[in-house]
Structures are given as C-alpha cells and as structure tokens.
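Enquirer: Can you read through this structure? Questions will come right after.
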Amino acid sequence: MVVGKKVTKDSILPSVCEDDGDGKEEDLGGIASRPVSRPRSLYSRGSVDGQRVSRSPSQHQSIKLAHQVEDYTNEEDEVDEGRGHPGDGQQQEGECVIGDEDFDTDLELDRFHNEKKAYDPTGQSHYREACKMLNVTPVSYFLRNMNQSELNMMHCGLGSQGTKALAVSLVTNTSILKLNLRDNWMEGMGAAAIADMLKENCYITEIDLSENRMGEHGARALSSMLLENTTLVSLNLSGNHLDERAARHLSPALIANQKLQHLDLSHNRFGDTAGEILGAAIAENTAMKSLNLAWNCIRGKGAIAFAEGLGGNIFLRTLDLSYNGLGKEGAVALEEALKHNNTLEDLNISNNRIPCEGAIHFALGLKVNSTLRILKMSRNPMQSAGCFAILKSVQANPESAVEFLDFSDICVDQEFEDLFNSTKETLPNLQVKHGGKINAAFKKS
C-alpha cells in the first residue's frame with residue numbers, strides 16, 4: 001500500500017479482494033468483493049516477468065482491513081461513482097509496480113556460491129602454472145598423456161627445472177602408476193623434487209630414474225623418501241654416478257623400507273666400501289625380491305662382505321652381480337652364501353674374473369643348495385674344468401633345482417659333453433649354454 005496516501009475504499013478493496021480467475025466474487029470477512037481489475041497472474045511474488053502484482057495480505061491485515069471496510073459502507077455509492085470501472089486499464093490506488101530490479105538475486109548468488117572449481121586429478125593446471133613460474137616450456141606429450149596409467153618420458157631433456165615442474169603436477173595425479181623418466185639430466189635438484197613428490201603421491205608404484213646423474217644429493221633425497229613412501233615397489237637408479245657416499249644414505253632406507261621389492265643400482269661407482277655397506281643392509285632387508293648391482297666395482301673385501309650379507313638374507317630371489325670383479329675371494333664367499341641361503345633363485349656372476357679354482361669352491365655350495373634355478377657364469381676365465389666342476393655338483397645334488405647354466409664364451413671339452421649327457425638322464429629339463437666344443441685336434445696340438 002502506498003505510504004502517505006489517504007486510505008479510501010477504492011484503495012482497500014482491490015488489495016483485499018481478488019477474483020479466482022473466472023469472474024466470481026469472493027467473500028472476505030463476510031463482505032462481497034468485486035472482480036479484480038485483471039486475472040490472477042500465474043506467477044507468485046519473486047517472478048521476473050516485469051508485470052504488476054498484488055501483494056496478498058496476511059490474516060492479521062485481512063481482519064484489520066475488514067473493519068475499515070465496515071466504516072465506509074455508508075459511502076459505497078459515492079465511492080462507486082468516483083472510481084473507474086475495474087479493468088479500464090487505469091492503475092489502481094494501492095497497487096505497486098514491481099520490476100526486475102525490485103527482486104532479490106538469491107538464486108543467482110546461491111548458484112554462484114555452489115559452483116565449485118572442477119577437481120583436476122591429473123594435475124594439468126598445476127603443471128602449467130609451475131612451468132610458467134619456473135620459466136620452462138610445458139611438454140605437450142606429458143599434457144596429452146598424464147591421464148594414462150603408464151607414462152614413458154625417456155630422453156625428453158627436462159633438466160632440473162623441467163623436472164621440478166613435472167613433480168608439482170604429479171603430487172595430485174591419480175592416474176599414473178608407472179613412470180619412466182630415464183635420461184632427462186635431472187641431476188640432484190631434479191631428483192630431490194621427484195623424491196618430495198613421491199612422499200605425497202600414493203599411486204605411483206614403479207619409477208625409472210636411470211641415467212640422470214643425480215649423485216649423492218639425489219641419493220640422499222630418495223633415501224629419505226624411501227623411509228616414508230609405502231607404495232613404491234620398483235625403483236631404477238642405474239647410471240646415476242652413485243658411490244660410497246650414496247651407499248651410506250641408501251643403507252638405512254634399505255633396512256627400514258618394507259615395500260620396495262625391485263631395486264636397480266647397476267652402472268654406478270660402488271666399490272669395496274660400498275659393497276660392505278650394502279652387504280650389511282641386504283642382510284637386514286625383509287622386502288627386496290630382486291637387486292641389480294651389475295657394472296660396478298665391488299671386489300675384494302667388498303665382495304666378501306656382500307656375500308656374507310647375502311647368506312643372511314631370506315627374501316631375495318634375483319641377484320645380478322655381473323661385471324664387478326669378484327675374483328677368487330668373491331667366489332669362495334659365495335660358496336658359503338649358497339650353503340645358508342634358501343631363497344635365491346636367479347644368480348648372475350658373469351664376467352667377474354673367477355678362475356678355475358674359484359669356480360671349484362663355488363661348486364661346493366651348489367652341492368647343498370636346493371633353491372637356485374638359474375646360474376649365469378659366462379665370460380669367466382674358469383675354462384672347461386671350472387664348468388665341469390659346476391655341472392658335477394649339480395648332478396651330485398639330489399635336491400638341486402638348477403634348470404639353466406650359462407657358460408657363454410667358455411669353450412668346453414669332450415669330458416664336459418659326456419658329463420652333460422649323463423646328467424640329462426636324471427635332470428631332463430636341464431639346459432646348458434656354452435661357447436662351443438674344443439676341437440680335439442686343436443687340443444692335442
């Protein structure tokens with residue numbers, strides 16, 4: 001109702017009495033009412049049609065207005081003469097015009113507040129922001145494939161900064177399970193970024209960080225990660241310039257970590273001291289199933305200490321010590337390891353400068369071992385006599401599980417061939433690979 005306007009019957013009745021849409025009169029407080037000036041709108045208060053609407057009075061207002069109507073019953077004829085006929089198009093007193101600007105915008109505000117930023121499980125938006133902040137170019141291949149379960153990014157030239165940007169996005173990525181970052185020159189800083197990421201990411205189970213020159217700094221960061229991460233089962237650190245200092249960082253991680261099952265430390269710079277450190281860690285490890293230490297410099301005291309650690313391990317299944325230089329001392333130490341270890345199934349000691357005498361000592365361990373299935377001793381200077389001693393021990397062991405002997409690049413004589421033929425009768429599944437048979441005529445000369 002308009003404020004300050006004189007209340008008349010004309011200003012009351014239209015607001016109180018409304019038609020039901022078919023022209024019939026309604027009773028309000030026992031008083032007949034006229035038809036409203038226009039049909040009822042289908043829209044309630046709050047519509048946005050921009051038309052005029054009448055406010056419906058509350059129950060209290062209806063009673064009060066009904067009493068006011070009674071006071072003006074004597075003036076009804078006079079009022080009727082002075083007012084226009086309803087529906088003549090004139091604006092009635094007491095009506096209010098409500099436009100779009102008069103309505104609240106609750107719906108719009110609610111919709112705005114309820115809109116949530118879409119969750120990005122791949123971390124693509126974080127990657128773009130990180131690249132911009134670090135001033136590096138985003139890798140399009142990564143953007144296209146970051147929703148895959150396996151991602152191969154070998155030889156992408158990421159560098160330390162590019163690796164940092166990648167790590168930022170991988171923190172929240174829930175798609176990638178296997179990640180290959182081989183040969184990206186990430187160095188220590190990049191490796192540290194990846195290590196920090198793996199402390200948060202609980203989806204990646206396999207990662208290849210080989211050929212990245214991370215050195216001691218990277219090894220320290222990754223060792224710290226292994227003390228916290230509980231999902232990583234395979235880690236490749238081959239060709240990363242790791243030495244004795246890196247071994248000192250890795251040792252406590254190998255002892256404490258209960259999830260990592262496959263570790264590749266090949267093509268590094270581990271020497272005698274590293275052999276002693278890693279040997280002690282292997283003796284205490286309770287999760288590792290395969291370990292690759294090929295192409296290092298473990299020999300002498302380091303080889304002996306590592307072999308002693310192997311003897312105390314009860315979980316390792318596959319061990320690669322090829323291209324190290326174990327020599328006679330290492331072979332003798334491995335003899336004792338084979339006598340005590342009852343879990344190792346695959347052993348590679350190729351190209352380790354093991355002479356014939358060392359092979360004979362090693363063969364003594366095979367006489368009592370019942371788990372080793374695959375033995376690789378190629379390119380060792382043990383000649384046919386050493387190969388003969390190994391095969392003889394396998395034949396003499398009734399509980400032997402050996403299925404494959406690799407003597408590649410070692411020539412054997414007829415005596416070895418005869419022994420092999422007789423062994424096939426008791427071990428029909430045994431396979432032997434060697435460098436060929438020595439020509440009898442050449443042997444006599």
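By convention here, the chains of the structure tokens are called A, B, ... in the order presented, each chain's residues are numbered starting at 1, and ligands are numbered starting at 1 in the order presented.
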Among range 391-439 of chain A, which residues does DSSP mark as strand (DSSP E or B) when it is run on the backbone? Keep the chain and numbering as in the structure and answer as number ranges by chain.

Expert: A: 404-407, 412, 431-434, 437

Enquirer: With only C-alpha atoms as the counted atoms, please give the residues lying no more than 8 Å from Asn257 in chain A, apart from itself and same-chain residues fewer than 3 positions off, as a ChimeraX atom specification.

Expert: /A:226-227,230,253-254,260,285,287

Enquirer: Could I get the residues of range 217-276 of chain A with an atom no further than 12 Å from an atom of range 325-340 of chain A, each paired with its nearest atom pair and that distance in Å to one decimal, using only C-alpha atoms, sorted by chain and residue number, as a Markdown table?

Expert:
```
| residue | atom | partner | partner_atom | distance |
| --- | --- | --- | --- | --- |
| A:Phe270 | CA | A:Gly325 | CA | 11.9 |
| A:Gly271 | CA | A:Gly325 | CA | 10.3 |
| A:Asp272 | CA | A:Leu326 | CA | 10.3 |
| A:Gly275 | CA | A:Leu326 | CA | 10.8 |
```

Enquirer: With C-alpha atoms kept, could you save the residues just selected as a JSON list (two decimals), in the first residue's frame?

Expert:
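Saved to again_0.json:
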```
[["chain", "number", "residue", "atom", "x", "y", "z"],
["A", 270, "PHE", "CA", 80.11, -48.66, -5.95],
["A", 271, "GLY", "CA", 83.44, -50.02, -4.78],
["A", 272, "ASP", "CA", 84.73, -52.14, -1.90],
["A", 275, "GLY", "CA", 79.99, -53.47, -1.01]]
```

Enquirer: What parts of range 148-334 of chain A does DSSP call helix (DSSP H, G or I)? I'd like the answer as a PyMOL selection string.

Expert: chain A and resi 159-170+187-200+215-226+244-256+272-284+300-312+327-334

Enquirer: Using only C-alpha atoms, which of A:Met154, A:Leu364, A:Thr172, A:Asn369 sits nearest Tyr127 in chain A?

Expert: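 Of A:Met154, A:Leu364, A:Thr172, A:Asn369, the one nearest Tyr127 in chain A is A:Thr172, counting only C-alpha atoms.
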
Enquirer: Can you work out the spacing between CA of Val368 in chain A and CA of Ile314 in chain A in Å, to one decimal?

Expert: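 Distance between the two atoms: 16.4 Å.
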
Enquirer: Using only C-alpha atoms, which of A:Glu150, A:Glu284, A:Asp196, A:Glu403 sits nearest Lys178 in chain A?

Expert: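 When distances to Lys178 in chain A are compared using only C-alpha atoms, the smallest one comes from A:Glu150.
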
Enquirer: Please report the interatomic distance between CA of Ile360 in chain A and CA of Gly279 in chain A in Å with one decimal.

Expert: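 Computing the Euclidean distance for CA of Ile360 in chain A and CA of Gly279 in chain A yields 23.6 Å.
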
Enquirer: Write out as a list in words which residues come within 10 Å of Met197 in chain A when counting only C-alpha atoms, dropping same-chain ones fewer than 4 positions away.

Expert: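 Once the adjacent positions are removed, what remains is Lys164, Leu166, Ala167, Val168, Ser169, Leu170, Val171, Thr172, Ala191, Ala192, Ala193, Asn201, Cys202 and Met225 of chain A.
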
Enquirer: What would the file look like if the residues just selected were written as a tab-separated table (two decimals), in the first residue's frame with N, CA and C atoms?

Expert:
```tsv
chain	number	residue	atom	x	y	z
A	164	LYS	N	61.24	-30.28	-11.88
A	164	LYS	CA	60.52	-29.67	-10.77
A	164	LYS	C	59.07	-29.39	-11.15
A	166	LEU	N	57.33	-30.84	-13.41
A	166	LEU	CA	56.66	-32.14	-13.56
A	166	LEU	C	56.26	-32.69	-12.19
A	167	ALA	N	57.15	-32.56	-11.24
A	167	ALA	CA	56.89	-33.09	-9.91
A	167	ALA	C	55.71	-32.40	-9.24
A	168	VAL	N	55.56	-31.10	-9.48
A	168	VAL	CA	54.46	-30.34	-8.88
A	168	VAL	C	53.12	-30.93	-9.30
A	169	SER	N	52.98	-31.24	-10.59
A	169	SER	CA	51.71	-31.78	-11.08
A	169	SER	C	51.49	-33.23	-10.65
A	170	LEU	N	52.56	-33.97	-10.47
A	170	LEU	CA	52.43	-35.38	-10.11
A	170	LEU	C	52.03	-35.59	-8.65
A	171	VAL	N	52.14	-34.56	-7.85
A	171	VAL	CA	51.76	-34.69	-6.45
A	171	VAL	C	50.30	-35.09	-6.32
A	172	THR	N	49.43	-34.51	-7.16
A	172	THR	CA	47.99	-34.78	-7.08
A	172	THR	C	47.50	-35.72	-8.18
A	191	ALA	N	66.15	-34.74	-8.90
A	191	ALA	CA	65.87	-35.96	-8.15
A	191	ALA	C	65.24	-35.64	-6.79
A	192	ALA	N	65.68	-34.56	-6.17
A	192	ALA	CA	65.11	-34.15	-4.89
A	192	ALA	C	63.64	-33.76	-5.05
A	193	ALA	N	63.31	-33.10	-6.17
A	193	ALA	CA	61.91	-32.74	-6.43
A	193	ALA	C	61.06	-33.99	-6.61
A	201	ASN	N	52.63	-38.54	-3.25
A	201	ASN	CA	51.89	-39.36	-4.21
A	201	ASN	C	51.81	-40.82	-3.71
A	202	CYS	N	50.61	-41.35	-3.66
A	202	CYS	CA	50.43	-42.72	-3.17
A	202	CYS	C	49.89	-43.63	-4.27
A	225	MET	N	63.01	-40.35	1.07
A	225	MET	CA	61.68	-40.70	0.56
A	225	MET	C	61.34	-42.15	0.89
```

Enquirer: Would you list the contacts of Thr273 in chain A as a list in words, taking every protein, DNA or RNA residue within 10 Å and counting only C-alpha atoms, but skipping same-chain residues closer than 4 positions in sequence?

Expert: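 Residues near the query, excluding close chain neighbours: Asp243, Glu244, Arg245, Ala247, Arg248, Ile277, Leu278, Gly279, Cys297, Ile298, Arg299, Gly300, Lys301, Gly302, Ala303 and Ala305 of chain A.
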
Enquirer: Excluding range 376-383 of chain A and any residue of its chain fewer than 6 positions from it, enumerate the residues within 6 Å of it, using only C-alpha atoms, and give them as a VMD selection string.

Expert: chain A and resid 348 to 351 353 to 356 405 to 409

Enquirer: Distance CA of Gly386 in chain A-CA of Leu427 in chain A, one decimal place?

Expert: 20.0 Å

Enquirer: Do you know which residues are at most 9 Å from Pro138 in chain A counting only C-alpha atoms, after dropping those on the same chain fewer than 5 positions away, and could you put them as a list in words?

Expert: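 The neighbour list is Tyr127, Arg128, Cys131, Lys132, Leu143, Gly162, Ala165 and Leu166 of chain A.
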
Enquirer: If you keep all heavy atoms, can you produce a file of those selected residues as a PDB file, in the first residue's frame?

Expert:
```
ATOM      1  N   TYR A 127      50.579 -28.108 -13.465  1.00  0.00           N
ATOM      2  CA  TYR A 127      51.774 -28.218 -14.309  1.00  0.00           C
ATOM      3  C   TYR A 127      51.977 -26.942 -15.126  1.00  0.00           C
ATOM      4  O   TYR A 127      53.095 -26.424 -15.220  1.00  0.00           O
ATOM      5  CB  TYR A 127      51.636 -29.421 -15.235  1.00  0.00           C
ATOM      6  CG  TYR A 127      52.809 -29.602 -16.178  1.00  0.00           C
ATOM      7  CD1 TYR A 127      54.100 -29.773 -15.694  1.00  0.00           C
ATOM      8  CD2 TYR A 127      52.632 -29.593 -17.560  1.00  0.00           C
ATOM      9  CE1 TYR A 127      55.181 -29.942 -16.543  1.00  0.00           C
ATOM     10  CE2 TYR A 127      53.707 -29.756 -18.425  1.00  0.00           C
ATOM     11  CZ  TYR A 127      54.967 -29.930 -17.912  1.00  0.00           C
ATOM     12  OH  TYR A 127      56.034 -30.088 -18.766  1.00  0.00           O
ATOM     13  N   ARG A 128      50.910 -26.420 -15.698  1.00  0.00           N
ATOM     14  CA  ARG A 128      51.025 -25.188 -16.491  1.00  0.00           C
ATOM     15  C   ARG A 128      51.480 -24.017 -15.619  1.00  0.00           C
ATOM     16  O   ARG A 128      52.318 -23.211 -16.015  1.00  0.00           O
ATOM     17  CB  ARG A 128      49.692 -24.863 -17.156  1.00  0.00           C
ATOM     18  CG  ARG A 128      49.267 -25.865 -18.234  1.00  0.00           C
ATOM     19  CD  ARG A 128      47.978 -25.432 -18.898  1.00  0.00           C
ATOM     20  NE  ARG A 128      47.515 -26.402 -19.863  1.00  0.00           N
ATOM     21  CZ  ARG A 128      47.905 -26.479 -21.128  1.00  0.00           C
ATOM     22  NH1 ARG A 128      48.805 -25.609 -21.568  1.00  0.00           N
ATOM     23  NH2 ARG A 128      47.420 -27.381 -21.950  1.00  0.00           N
ATOM     24  N   CYS A 131      55.185 -24.492 -14.756  1.00  0.00           N
ATOM     25  CA  CYS A 131      56.043 -24.181 -15.907  1.00  0.00           C
ATOM     26  C   CYS A 131      56.181 -22.670 -16.094  1.00  0.00           C
ATOM     27  O   CYS A 131      57.271 -22.170 -16.388  1.00  0.00           O
ATOM     28  CB  CYS A 131      55.475 -24.820 -17.173  1.00  0.00           C
ATOM     29  SG  CYS A 131      55.672 -26.609 -17.269  1.00  0.00           S
ATOM     30  N   LYS A 132      55.092 -21.971 -15.899  1.00  0.00           N
ATOM     31  CA  LYS A 132      55.130 -20.511 -16.036  1.00  0.00           C
ATOM     32  C   LYS A 132      56.000 -19.889 -14.954  1.00  0.00           C
ATOM     33  O   LYS A 132      56.789 -18.978 -15.215  1.00  0.00           O
ATOM     34  CB  LYS A 132      53.711 -19.948 -15.967  1.00  0.00           C
ATOM     35  CG  LYS A 132      53.624 -18.455 -16.200  1.00  0.00           C
ATOM     36  CD  LYS A 132      52.178 -17.987 -16.193  1.00  0.00           C
ATOM     37  CE  LYS A 132      52.095 -16.489 -16.432  1.00  0.00           C
ATOM     38  NZ  LYS A 132      50.677 -16.009 -16.416  1.00  0.00           N
ATOM     39  N   LEU A 143      51.241 -33.423 -21.245  1.00  0.00           N
ATOM     40  CA  LEU A 143      49.875 -32.909 -21.129  1.00  0.00           C
ATOM     41  C   LEU A 143      48.868 -33.845 -21.790  1.00  0.00           C
ATOM     42  O   LEU A 143      47.746 -34.002 -21.301  1.00  0.00           O
ATOM     43  CB  LEU A 143      49.780 -31.521 -21.756  1.00  0.00           C
ATOM     44  CG  LEU A 143      50.524 -30.395 -21.016  1.00  0.00           C
ATOM     45  CD1 LEU A 143      50.535 -29.130 -21.851  1.00  0.00           C
ATOM     46  CD2 LEU A 143      49.875 -30.139 -19.665  1.00  0.00           C
ATOM     47  N   GLY A 162      62.678 -28.380 -15.405  1.00  0.00           N
ATOM     48  CA  GLY A 162      61.555 -29.084 -16.013  1.00  0.00           C
ATOM     49  C   GLY A 162      61.069 -30.228 -15.142  1.00  0.00           C
ATOM     50  O   GLY A 162      59.869 -30.515 -15.083  1.00  0.00           O
ATOM     51  N   ALA A 165      58.861 -28.819 -12.326  1.00  0.00           N
ATOM     52  CA  ALA A 165      57.501 -28.530 -12.787  1.00  0.00           C
ATOM     53  C   ALA A 165      56.685 -29.808 -12.912  1.00  0.00           C
ATOM     54  O   ALA A 165      55.504 -29.857 -12.549  1.00  0.00           O
ATOM     55  CB  ALA A 165      57.551 -27.792 -14.124  1.00  0.00           C
ATOM     56  N   LEU A 166      57.329 -30.844 -13.411  1.00  0.00           N
ATOM     57  CA  LEU A 166      56.661 -32.137 -13.560  1.00  0.00           C
ATOM     58  C   LEU A 166      56.256 -32.687 -12.193  1.00  0.00           C
ATOM     59  O   LEU A 166      55.153 -33.209 -12.014  1.00  0.00           O
ATOM     60  CB  LEU A 166      57.595 -33.107 -14.270  1.00  0.00           C
ATOM     61  CG  LEU A 166      56.979 -34.380 -14.858  1.00  0.00           C
ATOM     62  CD1 LEU A 166      56.240 -34.050 -16.135  1.00  0.00           C
ATOM     63  CD2 LEU A 166      58.063 -35.403 -15.144  1.00  0.00           C
TER      64      LEU A 166
END
```
